[in-house]
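To be precise, the following lines are run09.txt, and they hold compact mmCIF, C-alpha atoms.
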# COMPACT_ATOMS: atom_id res chain seq x y z
CA MET A 16 109.25 89.63 101.22
CA ASP A 17 105.81 88.15 101.87
CA GLY A 18 102.78 87.97 99.57
CA PRO A 19 101.04 91.19 100.60
CA GLN A 20 104.31 93.10 100.23
CA LEU A 21 104.88 91.61 96.78
CA ASN A 22 101.36 92.64 95.84
CA GLU A 23 102.28 96.28 96.37
CA LEU A 24 105.11 96.17 93.84
CA PRO A 25 104.56 97.38 90.25
CA ASP A 26 104.01 94.75 87.57
CA HIS A 27 107.49 95.07 86.09
CA SER A 28 109.39 94.87 89.36
CA GLU A 29 112.44 92.61 89.33
CA GLU A 30 111.27 90.94 92.54
CA LEU A 31 108.19 89.56 90.76
CA LYS A 32 110.03 87.92 87.87
CA PRO A 33 110.86 84.62 89.66
CA TYR A 34 107.18 84.13 90.55
CA LEU A 35 106.03 84.92 87.03
CA SER A 36 108.67 82.61 85.52
CA ARG A 37 107.70 79.70 87.74
CA LEU A 38 103.97 80.15 87.15
CA ARG A 39 104.50 80.45 83.39
CA ARG A 40 106.62 77.28 83.37
CA GLU A 41 104.17 75.23 85.43
CA ALA A 42 101.14 76.56 83.52
CA LEU A 43 102.83 75.63 80.23
CA GLN A 44 103.39 72.11 81.50
CA ALA A 45 99.77 71.82 82.63
CA THR A 46 98.03 73.42 79.64
CA ASP A 47 100.54 73.51 76.78
CA HIS A 48 99.92 77.26 76.52
CA ASP A 49 102.46 80.03 77.03
CA PHE A 50 100.52 82.70 78.91
CA SER A 51 101.44 86.38 78.91
CA SER A 52 102.86 88.07 82.00
CA GLU A 53 99.92 90.50 82.10
CA PHE A 54 97.54 87.55 82.30
CA LEU A 55 99.52 85.53 84.83
CA ILE A 56 99.99 88.37 87.27
CA LYS A 57 96.23 88.60 87.80
CA PHE A 58 96.29 85.09 89.26
CA LEU A 59 99.42 85.74 91.33
CA ARG A 60 97.93 88.88 92.86
CA ALA A 61 94.64 87.08 93.57
CA ARG A 62 96.59 84.55 95.65
CA ASP A 63 99.22 86.89 97.14
CA PHE A 64 101.99 85.38 94.99
CA ASP A 65 101.58 81.84 96.24
CA VAL A 66 102.47 80.14 92.95
CA ASP A 67 100.83 76.81 93.79
CA LEU A 68 97.53 78.50 94.64
CA ALA A 69 97.80 80.81 91.62
CA LEU A 70 98.31 77.82 89.33
CA ARG A 71 95.27 76.07 90.79
CA LEU A 72 93.20 79.23 90.29
CA LEU A 73 94.42 79.56 86.70
CA LEU A 74 93.53 75.94 85.91
CA ASN A 75 90.11 76.36 87.56
CA TYR A 76 89.50 79.46 85.43
CA GLN A 77 90.37 77.54 82.27
CA HIS A 78 88.12 74.65 83.28
CA TRP A 79 85.26 77.01 84.15
CA ARG A 80 85.47 78.64 80.70
CA LYS A 81 85.33 75.28 78.94
CA ASP A 82 82.48 74.11 81.16
CA SER A 83 80.34 77.24 80.68
CA PRO A 84 79.97 77.91 76.93
CA GLU A 85 76.39 79.15 77.42
CA ILE A 86 77.82 82.03 79.46
CA ILE A 87 81.29 82.64 78.07
CA ASP A 88 80.64 82.37 74.30
CA CYS A 89 79.07 85.84 74.05
CA LEU A 90 80.42 88.69 76.15
CA ALA A 91 79.07 91.48 73.95
CA PRO A 92 77.37 94.11 76.16
CA SER A 93 75.28 95.20 73.19
CA SER A 94 73.57 91.78 73.25
CA LEU A 95 72.14 92.70 76.67
CA LEU A 96 71.66 96.41 76.06
CA ASP A 97 68.02 96.37 77.17
CA LEU A 98 69.00 94.82 80.51
CA LEU A 99 71.85 97.29 81.03
CA GLN A 100 69.47 100.18 80.33
CA THR A 101 67.18 99.10 83.18
CA SER A 102 69.81 100.29 85.70
CA TYR A 103 70.35 96.71 86.82
CA HIS A 104 74.07 96.96 87.54
CA ALA A 105 76.77 99.45 88.44
CA VAL A 106 80.37 99.68 89.51
CA LEU A 107 80.64 102.71 91.77
CA PRO A 108 83.04 105.39 90.48
CA GLN A 109 84.91 105.57 93.80
CA ARG A 110 86.55 102.72 95.69
CA ASP A 111 85.80 102.11 99.35
CA HIS A 112 88.16 103.04 102.18
CA THR A 113 90.20 99.82 101.70
CA GLY A 114 90.63 100.37 97.95
CA SER A 115 88.10 97.70 96.95
CA ARG A 116 85.84 98.11 93.96
CA VAL A 117 82.15 98.27 94.93
CA LEU A 118 79.55 96.63 92.68
CA ILE A 119 75.76 96.92 92.93
CA TYR A 120 73.20 94.54 91.44
CA ARG A 121 69.51 95.52 91.55
CA ILE A 122 67.75 92.20 91.15
CA GLY A 123 64.30 93.74 90.81
CA GLN A 124 65.35 95.24 87.48
CA TRP A 125 65.80 91.73 86.06
CA ASN A 126 62.65 90.50 84.34
CA PRO A 127 62.98 86.69 84.27
CA LYS A 128 60.40 86.50 81.46
CA VAL A 129 62.81 88.42 79.22
CA TRP A 130 66.30 87.42 80.36
CA SER A 131 67.49 84.04 81.58
CA ALA A 132 69.66 83.69 84.67
CA SER A 133 72.61 82.77 82.44
CA GLU A 134 72.21 86.00 80.47
CA VAL A 135 72.02 88.03 83.66
CA PHE A 136 75.08 86.29 85.07
CA ARG A 137 76.90 87.13 81.84
CA VAL A 138 76.75 90.81 82.81
CA SER A 139 78.60 89.97 86.01
CA LEU A 140 81.23 88.11 84.03
CA MET A 141 81.71 91.08 81.67
CA THR A 142 82.33 93.37 84.62
CA SER A 143 84.64 90.87 86.30
CA GLU A 144 86.78 90.54 83.18
CA ILE A 145 87.15 94.32 82.92
CA ILE A 146 87.91 95.15 86.53
CA SER A 147 90.26 92.18 86.95
CA ARG A 148 92.60 94.00 84.55
CA GLU A 149 92.96 96.91 86.99
CA THR A 150 96.08 96.61 89.13
CA GLU A 151 94.44 98.24 92.15
CA THR A 152 91.50 95.82 91.94
CA GLN A 153 93.90 92.89 91.70
CA ARG A 154 95.40 94.10 94.96
CA ARG A 155 92.30 95.22 96.88
CA GLY A 156 89.55 93.02 95.48
CA LEU A 157 85.86 93.85 95.35
CA LYS A 158 82.74 94.09 97.48
CA VAL A 159 79.23 93.49 96.18
CA ILE A 160 75.84 94.88 97.19
CA PHE A 161 72.88 92.78 96.04
CA ASP A 162 69.61 94.70 96.26
CA LEU A 163 66.93 92.01 96.36
CA GLU A 164 63.92 94.31 96.31
CA GLY A 165 61.49 92.80 93.79
CA TRP A 166 62.86 89.25 94.14
CA SER A 167 60.12 86.76 93.27
CA PHE A 168 59.52 83.05 92.80
CA LYS A 169 60.01 83.59 89.06
CA HIS A 170 63.57 84.67 89.79
CA ALA A 171 64.11 81.76 92.15
CA LEU A 172 62.99 79.20 89.55
CA GLN A 173 65.76 80.41 87.23
CA ILE A 174 68.53 79.52 89.69
CA THR A 175 69.19 75.83 89.13
CA ARG A 176 71.68 73.82 91.15
CA PRO A 177 74.22 73.63 88.25
CA LEU A 178 74.02 77.41 87.78
CA ALA A 179 74.35 77.96 91.53
CA ARG A 180 77.53 75.89 91.45
CA LYS A 181 78.95 77.95 88.59
CA ILE A 182 78.13 81.22 90.34
CA SER A 183 79.74 80.06 93.56
CA SER A 184 82.82 78.85 91.65
CA VAL A 185 83.40 82.35 90.29
CA LEU A 186 83.05 83.75 93.81
CA VAL A 187 85.41 81.22 95.34
CA ASP A 188 88.06 79.60 93.16
CA SER A 189 87.58 80.13 89.43
CA PHE A 190 88.20 83.82 88.82
CA PRO A 191 91.22 86.04 89.61
CA LEU A 192 89.44 88.46 91.93
CA LYS A 193 89.38 88.70 95.72
CA VAL A 194 85.82 88.89 97.05
CA ARG A 195 86.13 91.00 100.20
CA GLY A 196 82.46 91.30 101.09
CA ILE A 197 78.92 90.39 99.99
CA HIS A 198 76.08 92.57 101.25
CA LEU A 199 72.41 91.66 100.79
CA VAL A 200 69.73 94.33 101.21
CA ASN A 201 65.95 94.09 100.96
CA GLU A 202 66.15 90.31 101.03
CA PRO A 203 62.70 88.64 101.29
CA LEU A 204 62.09 85.47 103.28
CA PHE A 205 61.64 83.38 100.14
CA PHE A 206 65.16 84.24 99.01
CA GLN A 207 66.44 81.77 101.61
CA PRO A 208 65.88 78.62 99.47
CA VAL A 209 68.07 80.06 96.70
CA PHE A 210 70.76 81.10 99.14
CA ALA A 211 70.61 77.58 100.56
CA LEU A 212 71.51 76.26 97.07
CA ILE A 213 74.63 78.41 96.88
CA ARG A 214 75.78 78.31 100.50
CA PRO A 215 77.11 74.69 100.51
CA PHE A 216 79.57 75.57 97.74
CA LEU A 217 81.04 78.49 99.68
CA PRO A 218 84.04 78.15 102.00
CA ASP A 219 83.79 79.43 105.56
CA LYS A 220 85.94 82.45 104.65
CA ILE A 221 83.35 83.66 102.14
CA LYS A 222 80.42 82.79 104.42
CA ARG A 223 81.92 85.08 107.08
CA ARG A 224 81.99 87.91 104.56
CA ILE A 225 78.26 87.72 103.80
CA HIS A 226 76.17 90.36 105.54
CA MET A 227 72.36 90.44 105.46
CA HIS A 228 71.01 93.94 106.10
CA GLY A 229 67.27 93.48 105.49
CA VAL A 230 64.92 96.34 104.66
CA ASP A 231 66.52 98.68 107.21
CA PHE A 232 69.83 98.49 105.36
CA GLN A 233 70.44 102.25 105.45
CA ASN A 234 71.08 101.91 109.19
CA THR A 235 73.82 99.30 108.75
CA LEU A 236 75.24 99.55 105.21
CA THR A 237 77.08 102.74 106.12
CA ASP A 238 78.93 100.79 108.80
CA PHE A 239 80.82 99.17 105.92
CA PHE A 240 80.86 101.89 103.24
CA SER A 241 81.52 105.60 103.60
CA LEU A 242 78.78 108.08 102.70
CA PRO A 243 80.63 109.76 99.79
CA ILE A 244 80.81 106.57 97.71
CA LEU A 245 77.27 105.21 98.19
CA PRO A 246 74.34 106.46 96.06
CA PRO A 247 71.62 108.32 98.02
CA GLU A 248 69.27 105.38 97.45
CA TYR A 249 71.60 103.36 99.69
CA GLY A 250 72.07 105.97 102.39
CA GLY A 251 75.06 107.72 100.86
CA GLU A 252 76.02 111.05 99.36
CA GLY A 253 77.46 109.92 96.03
CA PRO A 254 75.94 110.07 92.54
CA GLY A 255 72.44 108.59 92.14
CA ILE A 256 72.00 104.94 91.26
CA GLU A 257 70.50 105.66 87.83
CA GLU A 258 73.54 107.78 86.94
CA VAL A 259 76.15 105.26 88.06
CA CYS A 260 74.31 102.37 86.35
CA GLN A 261 74.20 104.25 83.06
CA ASP A 262 77.84 105.25 83.42
CA TRP A 263 78.94 101.65 83.91
CA ALA A 264 76.74 100.45 81.03
CA ASN A 265 78.59 102.93 78.82
CA GLN A 266 81.94 101.67 80.10
CA LEU A 267 80.97 98.10 79.21
CA LEU A 268 79.82 99.13 75.75
CA GLN A 269 83.14 100.90 75.18
CA SER A 270 84.85 97.62 76.11
CA GLU A 271 82.84 95.46 73.72
CA GLU A 272 85.69 94.70 71.31
CA LEU A 273 87.98 93.64 74.16
CA LEU A 274 85.28 91.51 75.78
CA GLN A 275 84.53 89.72 72.55
CA LYS A 276 88.22 88.98 72.09
CA ILE A 277 88.25 87.46 75.58
CA ALA A 278 85.16 85.37 74.74
CA ASN A 279 86.64 84.15 71.47
CA ASP A 280 90.08 83.30 72.82
CA PRO A 281 90.36 79.69 74.08
CA THR A 282 92.18 80.81 77.24
CA GLY A 283 90.93 84.37 77.83
CA ASP A 284 94.52 85.64 77.64
CA VAL A 285 93.97 88.76 75.55
CA ALA A 286 96.04 91.93 75.45
CA ASP A 287 94.56 95.21 74.32
CA ALA A 288 96.68 98.31 73.92
CA SER A 289 93.71 100.59 74.60
CA GLU A 290 92.43 98.89 77.75
CA ASP A 291 94.27 101.27 80.07
CA LEU A 292 92.26 104.10 78.55
CA ILE A 293 88.87 102.52 79.13
CA LEU A 294 88.47 103.77 82.67
CA GLU A 295 90.72 106.82 82.37
CA GLY A 296 89.30 109.74 84.32
CA ARG A 297 86.67 107.59 86.02
CA GLU A 298 88.57 106.98 89.22
CA LYS A 299 91.64 108.07 91.08
CA ASP A 300 93.39 105.13 92.73
Before we go any further, please render this structure as structure tokens.
Amino acid sequence: MDGPQLNELPDHSEELKPYLSRLRREALQATDHDFSSEFLIKFLRARDFDVDLALRLLLNYQHWRKDSPEIIDCLAPSSLLDLLQTSYHAVLPQRDHTGSRVLIYRIGQWNPKVWSASEVFRVSLMTSEIISRETETQRRGLKVIFDLEGWSFKHALQITRPLARKISSVLVDSFPLKVRGIHLVNEPLFFQPVFALIRPFLPDKIKRRIHMHGVDFQNTLTDFFSLPILPPEYGGEGPGIEEVCQDWANQLLQSEELLQKIANDPTGDVADASEDLILEGREKD
């Protein structure tokens, strides 16, 4: 049975046990920590049950956490409530036709005089930690729409080379999520220097998944996403962007205790009996 077939099996399937056992054993040797099965399977699914690649991803994740205390130390959504209330970010309530989660970031809602780039990136990390616990997201990955309307030089000055490296690491090899597509809309010409900072850190596979739609994005974005899932502001027929942003802000706030446990744990390996209820009723996989 190959990796994609293994990915379709439920978490407690007998066929998965040898992969979990080997990854647990090798991770214990490398880190001196006995990780839970629920934690390890995220990394196995992200790498289609290639244990060597899953171990590398797990070790990269641990290194990234240790190397990024300014981001990881506080994952409390309430600490960025004002930003969340600007309708900056949403996870759409419906998945796309491939089963991927669809995230939207509205960069123009970020006031760089109020929030640093690290604080803004922290919102992305909160969302990533939550959705990476969903089995269907572990299997199908995510796609991201970055709306760059309102991007300015003040935003660009916040993106330093070290931060660009950390952002690209999460996209590529330091977080247990499959990035299936990155879509830029309303991108201005002076966004190019920032993109040039990030691009060298991206592998060719990710570069091929980047799509620039420009200001006429409504003519092309629907080539990738069906009308029922997209907000009307993006050419779709789904709930409005303000509604979905507020809904996801509420979901993050409901997850605050779990997120803080993840931030406070040295490894991020945190179980929460109520986590399966967080998104109950929000989607039908």
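The gap separating atom CA of A:Lys158 from atom CA of A:Ile197 is 5.9 Å, in Å to one decimal.
For the choices A:Arg180, A:Leu157, A:Pro108, A:Tyr34, the atom-to-atom distance to A:Gly255 is smallest for A:Pro108 when using all atoms listed in the file.
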Residues near A:Phe206, anyone? I mean within 8 Å using all atoms listed in the file, not counting same-chain ones fewer than 3 positions away, as a list in words. Trp166, Ala171, Glu202, Pro203, Val209 and Phe210 of chain A
How would the residues just picked look written out with C-alpha atoms as a PDB file, in the frame of the given file?
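Result file is selection24.pdb:
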ATOM      1  CA  TRP A 166      62.860  89.250  94.140  1.00  0.00           C
ATOM      2  CA  ALA A 171      64.110  81.760  92.150  1.00  0.00           C
ATOM      3  CA  GLU A 202      66.150  90.310 101.030  1.00  0.00           C
ATOM      4  CA  PRO A 203      62.700  88.640 101.290  1.00  0.00           C
ATOM      5  CA  VAL A 209      68.070  80.060  96.700  1.00  0.00           C
ATOM      6  CA  PHE A 210      70.760  81.100  99.140  1.00  0.00           C
TER       7      PHE A 210
END
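Atom pair atom CA of A:Leu38 / atom CA of A:Val66: separated by 6.0 Å.
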Neighbouring residues of A:Phe168 were defined as those with any atom within 12 Å, considering all atoms listed in the file; residues of the same chain fewer than 3 positions away were excluded. Please report them as a PDB file with C-alpha atoms, in the coordinates of the input.
ATOM      1  CA  GLY A 123      64.300  93.740  90.810  1.00  0.00           C
ATOM      2  CA  ASN A 126      62.650  90.500  84.340  1.00  0.00           C
ATOM      3  CA  PRO A 127      62.980  86.690  84.270  1.00  0.00           C
ATOM      4  CA  LYS A 128      60.400  86.500  81.460  1.00  0.00           C
ATOM      5  CA  GLY A 165      61.490  92.800  93.790  1.00  0.00           C
ATOM      6  CA  ALA A 171      64.110  81.760  92.150  1.00  0.00           C
ATOM      7  CA  LEU A 172      62.990  79.200  89.550  1.00  0.00           C
ATOM      8  CA  GLN A 173      65.760  80.410  87.230  1.00  0.00           C
ATOM      9  CA  ILE A 174      68.530  79.520  89.690  1.00  0.00           C
ATOM     10  CA  PRO A 203      62.700  88.640 101.290  1.00  0.00           C
ATOM     11  CA  LEU A 204      62.090  85.470 103.280  1.00  0.00           C
ATOM     12  CA  PHE A 205      61.640  83.380 100.140  1.00  0.00           C
ATOM     13  CA  PHE A 206      65.160  84.240  99.010  1.00  0.00           C
ATOM     14  CA  GLN A 207      66.440  81.770 101.610  1.00  0.00           C
ATOM     15  CA  PRO A 208      65.880  78.620  99.470  1.00  0.00           C
ATOM     16  CA  VAL A 209      68.070  80.060  96.700  1.00  0.00           C
TER      17      VAL A 209
END
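Considering the residues A:Gln109, A:Ser115, A:Thr237, A:Ser184 and counting all atoms listed in the file, A:Thr150 has its shortest atom-to-atom contact with A:Ser115.
Residues in contact with A:Val230 at up to 12 Å, not including ones fewer than 4 positions away on its chain and judged by only C-alpha atoms, are A:Asp162, A:Leu163, A:Glu164, A:Gly165, A:Leu199, A:Val200, A:Asn201, A:Glu202, A:Pro203, A:Leu204, A:Asn234, A:Thr235, A:Leu236, A:Tyr249.
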Within 12 Å of (82.1, 82.3, 92.0), only C-alpha atoms: residues as a PyMOL selection string? chain A and resi 72+75-76+79+136+139-140+143+178-194+197+213-214+216-218+221
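If you measure from each of A:Gln153, A:Thr46, A:Thr113, A:Gln20 to A:Ser241 using all atoms listed in the file, the closest one turns out to be A:Thr113.
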So how many Å separate atom CA of A:Pro25 and atom CA of A:Asp280, to one decimal? 26.7 Å
Radius query 10 Å about (98.5, 96.7, 92.4), atoms used: only C-alpha atoms, as a list in words: Leu21, Asn22, Glu23, Leu24, Pro25, Asp26, Ile56, Lys57, Arg60, Glu149, Thr150, Glu151, Thr152, Gln153, Arg154, Arg155 and Asp300 of chain A
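The list of residues with at least one atom within 10 Å of A:Glu248, based on all atoms listed in the file and without residues fewer than 5 positions apart in the same chain, reads Gln233, Gly253, Pro254, Gly255, Ile256 and Glu257 of chain A.
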When you write stretch 216-246 of chain A out from the block above, keep N, CA and C atoms and present the result as an mmCIF file, in the first residue's frame, please.
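Saved as selection36.cif:
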data_model
loop_
_atom_site.group_PDB
_atom_site.id
_atom_site.type_symbol
_atom_site.label_atom_id
_atom_site.label_comp_id
_atom_site.auth_asym_id
_atom_site.auth_seq_id
_atom_site.Cartn_x
_atom_site.Cartn_y
_atom_site.Cartn_z
ATOM 1 N N PHE A 216 13.934 31.045 -0.986
ATOM 2 C CA PHE A 216 13.815 29.995 0.016
ATOM 3 C C PHE A 216 12.780 28.937 -0.358
ATOM 4 N N LEU A 217 12.087 29.139 -1.462
ATOM 5 C CA LEU A 217 11.011 28.238 -1.854
ATOM 6 C C LEU A 217 11.501 27.214 -2.868
ATOM 7 N N PRO A 218 11.122 25.949 -2.699
ATOM 8 C CA PRO A 218 11.483 24.948 -3.702
ATOM 9 C C PRO A 218 10.656 25.135 -4.969
ATOM 10 N N ASP A 219 11.106 24.532 -6.045
ATOM 11 C CA ASP A 219 10.413 24.676 -7.322
ATOM 12 C C ASP A 219 8.958 24.207 -7.227
ATOM 13 N N LYS A 220 8.708 23.186 -6.426
ATOM 14 C CA LYS A 220 7.349 22.654 -6.289
ATOM 15 C C LYS A 220 6.391 23.719 -5.776
ATOM 16 N N ILE A 221 6.831 24.492 -4.783
ATOM 17 C CA ILE A 221 5.989 25.559 -4.242
ATOM 18 C C ILE A 221 5.902 26.719 -5.223
ATOM 19 N N LYS A 222 7.004 27.049 -5.889
ATOM 20 C CA LYS A 222 6.985 28.143 -6.864
ATOM 21 C C LYS A 222 5.951 27.879 -7.954
ATOM 22 N N ARG A 223 5.832 26.611 -8.361
ATOM 23 C CA ARG A 223 4.860 26.270 -9.415
ATOM 24 C C ARG A 223 3.422 26.400 -8.931
ATOM 25 N N ARG A 224 3.234 26.444 -7.632
ATOM 26 C CA ARG A 224 1.882 26.533 -7.067
ATOM 27 C C ARG A 224 1.484 27.965 -6.728
ATOM 28 N N ILE A 225 2.335 28.921 -7.075
ATOM 29 C CA ILE A 225 2.035 30.330 -6.836
ATOM 30 C C ILE A 225 1.383 30.917 -8.081
ATOM 31 N N HIS A 226 0.239 31.552 -7.886
ATOM 32 C CA HIS A 226 -0.507 32.132 -9.000
ATOM 33 C C HIS A 226 -0.765 33.606 -8.710
ATOM 34 N N MET A 227 -0.372 34.475 -9.617
ATOM 35 C CA MET A 227 -0.594 35.912 -9.469
ATOM 36 C C MET A 227 -1.755 36.332 -10.364
ATOM 37 N N HIS A 228 -2.820 36.832 -9.764
ATOM 38 C CA HIS A 228 -4.058 37.123 -10.487
ATOM 39 C C HIS A 228 -4.248 38.607 -10.804
ATOM 40 N N GLY A 229 -3.508 39.493 -10.133
ATOM 41 C CA GLY A 229 -3.628 40.919 -10.393
ATOM 42 C C GLY A 229 -4.957 41.497 -9.944
ATOM 43 N N VAL A 230 -5.310 42.652 -10.491
ATOM 44 C CA VAL A 230 -6.536 43.341 -10.064
ATOM 45 C C VAL A 230 -7.778 42.752 -10.731
ATOM 46 N N ASP A 231 -7.587 42.003 -11.805
ATOM 47 C CA ASP A 231 -8.722 41.375 -12.484
ATOM 48 C C ASP A 231 -8.904 39.938 -12.000
ATOM 49 N N PHE A 232 -8.647 39.718 -10.727
ATOM 50 C CA PHE A 232 -8.634 38.359 -10.178
ATOM 51 C C PHE A 232 -9.971 37.635 -10.305
ATOM 52 N N GLN A 233 -11.086 38.378 -10.329
ATOM 53 C CA GLN A 233 -12.383 37.709 -10.391
ATOM 54 C C GLN A 233 -12.560 36.936 -11.695
ATOM 55 N N ASN A 234 -11.763 37.276 -12.707
ATOM 56 C CA ASN A 234 -11.832 36.556 -13.978
ATOM 57 C C ASN A 234 -11.050 35.251 -13.961
ATOM 58 N N THR A 235 -10.133 35.109 -12.998
ATOM 59 C CA THR A 235 -9.257 33.927 -13.005
ATOM 60 C C THR A 235 -9.337 33.106 -11.716
ATOM 61 N N LEU A 236 -9.675 33.738 -10.588
ATOM 62 C CA LEU A 236 -9.698 33.018 -9.322
ATOM 63 C C LEU A 236 -10.708 31.873 -9.354
ATOM 64 N N THR A 237 -11.807 32.084 -10.057
ATOM 65 C CA THR A 237 -12.838 31.042 -10.137
ATOM 66 C C THR A 237 -12.416 29.878 -11.032
ATOM 67 N N ASP A 238 -11.279 29.997 -11.700
ATOM 68 C CA ASP A 238 -10.733 28.847 -12.417
ATOM 69 C C ASP A 238 -10.178 27.814 -11.432
ATOM 70 N N PHE A 239 -9.890 28.263 -10.213
ATOM 71 C CA PHE A 239 -9.282 27.393 -9.211
ATOM 72 C C PHE A 239 -10.246 27.046 -8.068
ATOM 73 N N PHE A 240 -11.217 27.914 -7.824
ATOM 74 C CA PHE A 240 -12.145 27.712 -6.710
ATOM 75 C C PHE A 240 -13.580 27.822 -7.215
ATOM 76 N N SER A 241 -14.441 26.955 -6.731
ATOM 77 C CA SER A 241 -15.833 26.978 -7.183
ATOM 78 C C SER A 241 -16.581 28.159 -6.570
ATOM 79 N N LEU A 242 -17.593 28.628 -7.264
ATOM 80 C CA LEU A 242 -18.354 29.797 -6.823
ATOM 81 C C LEU A 242 -18.969 29.631 -5.428
ATOM 82 N N PRO A 243 -19.518 28.468 -5.083
ATOM 83 C CA PRO A 243 -20.195 28.359 -3.776
ATOM 84 C C PRO A 243 -19.299 28.573 -2.560
ATOM 85 N N ILE A 244 -17.978 28.363 -2.697
ATOM 86 C CA ILE A 244 -17.134 28.500 -1.512
ATOM 87 C C ILE A 244 -16.542 29.897 -1.366
ATOM 88 N N LEU A 245 -16.390 30.633 -2.477
ATOM 89 C CA LEU A 245 -15.754 31.954 -2.416
ATOM 90 C C LEU A 245 -16.734 33.025 -1.951
ATOM 91 N N PRO A 246 -16.280 33.983 -1.138
ATOM 92 C CA PRO A 246 -17.120 35.139 -0.798
ATOM 93 C C PRO A 246 -17.428 35.963 -2.047
#
